[in-house]
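What follows is a set of notes on a single structure, which appears directly below.
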Amino acid sequence: MAGDSESEAFWKEFLRSLRERGLSRVRLVITDQHSALAAAVHTVMPGAAWQRCKFSAQ
């Protein structure tokens with residue numbers, strides 16, 4: 001799904017589209033520290049834990 005921005009509204013629409021296509025029982029979502037995406041996860045997938053992904057190049 002392409003969007004004009006990475007706003008919370010875009011992420012909510014994206015996550016809702018995943019649910020409409022059958023995604024269910026999400027227990028954990030791992031993303032970068034994008035605040036709009038994290039907020040959308042908490043709104044659209046209540047009860048799912050959110051974890052920040054960290055990458056260390058060594």
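Following the order of the structure tokens, chains are lettered A, B, ..., residues in each are numbered from 1, and ligands are numbered from 1.
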
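The protein and nucleic acid residues lying at most 8 Å from stretch 28-39 of chain A are Glu6, Ser7, Glu8, Trp11, Lys12, His42, Thr43, Ala48, Ala49, Trp50, Gln51, Arg52, Cys53 and Lys54 of chain A, with only C-alpha atoms considered and sequence neighbours fewer than 3 positions away removed.
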
Since we have the selection now, will you write its residues out, keeping N, CA, C and O atoms, as a PDB file, in the first residue's frame?
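Listed below is the output, again.pdb:
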```pdb
ATOM      1  N   GLU A   6       3.586   9.315   6.060  1.00  0.00           N
ATOM      2  CA  GLU A   6       3.621   8.270   7.076  1.00  0.00           C
ATOM      3  C   GLU A   6       2.924   8.759   8.331  1.00  0.00           C
ATOM      4  O   GLU A   6       3.394   8.561   9.452  1.00  0.00           O
ATOM      5  N   SER A   7       1.769   9.374   8.129  1.00  0.00           N
ATOM      6  CA  SER A   7       0.996   9.904   9.248  1.00  0.00           C
ATOM      7  C   SER A   7       0.305   8.777  10.006  1.00  0.00           C
ATOM      8  O   SER A   7       0.176   7.651   9.516  1.00  0.00           O
ATOM      9  N   GLU A   8      -0.170   9.096  11.188  1.00  0.00           N
ATOM     10  CA  GLU A   8      -0.918   8.110  11.968  1.00  0.00           C
ATOM     11  C   GLU A   8      -2.163   7.654  11.207  1.00  0.00           C
ATOM     12  O   GLU A   8      -2.500   6.473  11.215  1.00  0.00           O
ATOM     13  N   TRP A  11      -1.175   5.004   8.672  1.00  0.00           N
ATOM     14  CA  TRP A  11      -0.865   3.717   9.295  1.00  0.00           C
ATOM     15  C   TRP A  11      -2.129   3.030   9.811  1.00  0.00           C
ATOM     16  O   TRP A  11      -2.242   1.807   9.725  1.00  0.00           O
ATOM     17  N   LYS A  12      -3.068   3.799  10.348  1.00  0.00           N
ATOM     18  CA  LYS A  12      -4.334   3.200  10.790  1.00  0.00           C
ATOM     19  C   LYS A  12      -5.054   2.557   9.616  1.00  0.00           C
ATOM     20  O   LYS A  12      -5.557   1.435   9.725  1.00  0.00           O
ATOM     21  N   HIS A  42      -1.335   0.730  18.540  1.00  0.00           N
ATOM     22  CA  HIS A  42      -2.071   0.704  19.806  1.00  0.00           C
ATOM     23  C   HIS A  42      -3.567   0.937  19.588  1.00  0.00           C
ATOM     24  O   HIS A  42      -4.388   0.368  20.304  1.00  0.00           O
ATOM     25  N   THR A  43      -3.924   1.736  18.593  1.00  0.00           N
ATOM     26  CA  THR A  43      -5.336   2.034  18.322  1.00  0.00           C
ATOM     27  C   THR A  43      -6.016   0.886  17.584  1.00  0.00           C
ATOM     28  O   THR A  43      -7.119   0.478  17.951  1.00  0.00           O
ATOM     29  N   ALA A  48      -2.222  -5.849  21.567  1.00  0.00           N
ATOM     30  CA  ALA A  48      -0.946  -6.276  20.986  1.00  0.00           C
ATOM     31  C   ALA A  48       0.178  -5.484  21.644  1.00  0.00           C
ATOM     32  O   ALA A  48       0.073  -4.279  21.837  1.00  0.00           O
ATOM     33  N   ALA A  49       1.241  -6.169  21.977  1.00  0.00           N
ATOM     34  CA  ALA A  49       2.411  -5.493  22.516  1.00  0.00           C
ATOM     35  C   ALA A  49       3.187  -4.864  21.367  1.00  0.00           C
ATOM     36  O   ALA A  49       3.171  -5.359  20.241  1.00  0.00           O
ATOM     37  N   TRP A  50       3.857  -3.766  21.652  1.00  0.00           N
ATOM     38  CA  TRP A  50       4.692  -3.089  20.653  1.00  0.00           C
ATOM     39  C   TRP A  50       6.119  -3.098  21.161  1.00  0.00           C
ATOM     40  O   TRP A  50       6.378  -2.858  22.337  1.00  0.00           O
ATOM     41  N   GLN A  51       7.052  -3.392  20.260  1.00  0.00           N
ATOM     42  CA  GLN A  51       8.470  -3.408  20.611  1.00  0.00           C
ATOM     43  C   GLN A  51       9.253  -2.657  19.550  1.00  0.00           C
ATOM     44  O   GLN A  51       9.015  -2.819  18.357  1.00  0.00           O
ATOM     45  N   ARG A  52      10.184  -1.846  20.001  1.00  0.00           N
ATOM     46  CA  ARG A  52      11.035  -1.104  19.073  1.00  0.00           C
ATOM     47  C   ARG A  52      12.137  -2.023  18.558  1.00  0.00           C
ATOM     48  O   ARG A  52      12.806  -2.726  19.319  1.00  0.00           O
ATOM     49  N   CYS A  53      12.334  -1.994  17.263  1.00  0.00           N
ATOM     50  CA  CYS A  53      13.401  -2.760  16.624  1.00  0.00           C
ATOM     51  C   CYS A  53      14.689  -1.942  16.712  1.00  0.00           C
ATOM     52  O   CYS A  53      14.699  -0.750  16.420  1.00  0.00           O
ATOM     53  N   LYS A  54      15.740  -2.576  17.131  1.00  0.00           N
ATOM     54  CA  LYS A  54      17.045  -1.917  17.193  1.00  0.00           C
ATOM     55  C   LYS A  54      18.028  -2.713  16.365  1.00  0.00           C
ATOM     56  O   LYS A  54      18.029  -3.938  16.369  1.00  0.00           O
TER      57      LYS A  54
END
```

>> Considering only alpha helix (DSSP H) as DSSP defines it on the backbone, what residues of chain A qualify? List them as a list of chain:residue names.
In response: A:Glu8, A:Ala9, A:Phe10, A:Trp11, A:Lys12, A:Glu13, A:Phe14, A:Leu15, A:Arg16, A:Ser17, A:Leu18, A:Arg19, A:Glu20, A:Ser35, A:Ala36, A:Leu37, A:Ala38, A:Ala39, A:Ala40, A:Val41, A:His42, A:Thr43, A:Val44

Residues of the last selection are to be written out with C-alpha atoms, as an mmCIF file, in the first residue's frame.
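out_7.cif written:
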```cif
data_model
loop_
_atom_site.group_PDB
_atom_site.id
_atom_site.type_symbol
_atom_site.label_atom_id
_atom_site.label_comp_id
_atom_site.auth_asym_id
_atom_site.auth_seq_id
_atom_site.Cartn_x
_atom_site.Cartn_y
_atom_site.Cartn_z
ATOM 1 C CA GLU A 8 -0.918 8.110 11.968
ATOM 2 C CA ALA A 9 -4.014 8.226 9.727
ATOM 3 C CA PHE A 10 -2.139 6.417 6.941
ATOM 4 C CA TRP A 11 -0.865 3.717 9.295
ATOM 5 C CA LYS A 12 -4.334 3.200 10.790
ATOM 6 C CA GLU A 13 -5.777 2.731 7.310
ATOM 7 C CA PHE A 14 -2.976 0.312 6.421
ATOM 8 C CA LEU A 15 -3.381 -1.768 9.590
ATOM 9 C CA ARG A 16 -7.165 -1.862 9.204
ATOM 10 C CA SER A 17 -6.722 -3.135 5.640
ATOM 11 C CA LEU A 18 -4.612 -5.998 6.999
ATOM 12 C CA ARG A 19 -7.379 -6.892 9.453
ATOM 13 C CA GLU A 20 -9.969 -6.764 6.675
ATOM 14 C CA SER A 35 5.674 7.448 16.739
ATOM 15 C CA ALA A 36 2.750 7.597 14.273
ATOM 16 C CA LEU A 37 3.096 3.900 13.471
ATOM 17 C CA ALA A 38 3.334 2.925 17.137
ATOM 18 C CA ALA A 39 0.233 4.994 17.951
ATOM 19 C CA ALA A 40 -1.694 3.370 15.095
ATOM 20 C CA VAL A 41 -0.722 -0.097 16.334
ATOM 21 C CA HIS A 42 -2.071 0.704 19.806
ATOM 22 C CA THR A 43 -5.336 2.034 18.322
ATOM 23 C CA VAL A 44 -6.033 -0.600 15.662
#
```

> Which parts of chain A does DSSP call strand (DSSP E) when run on the backbone here, written out as a count of residues only?
Replying inline: 8
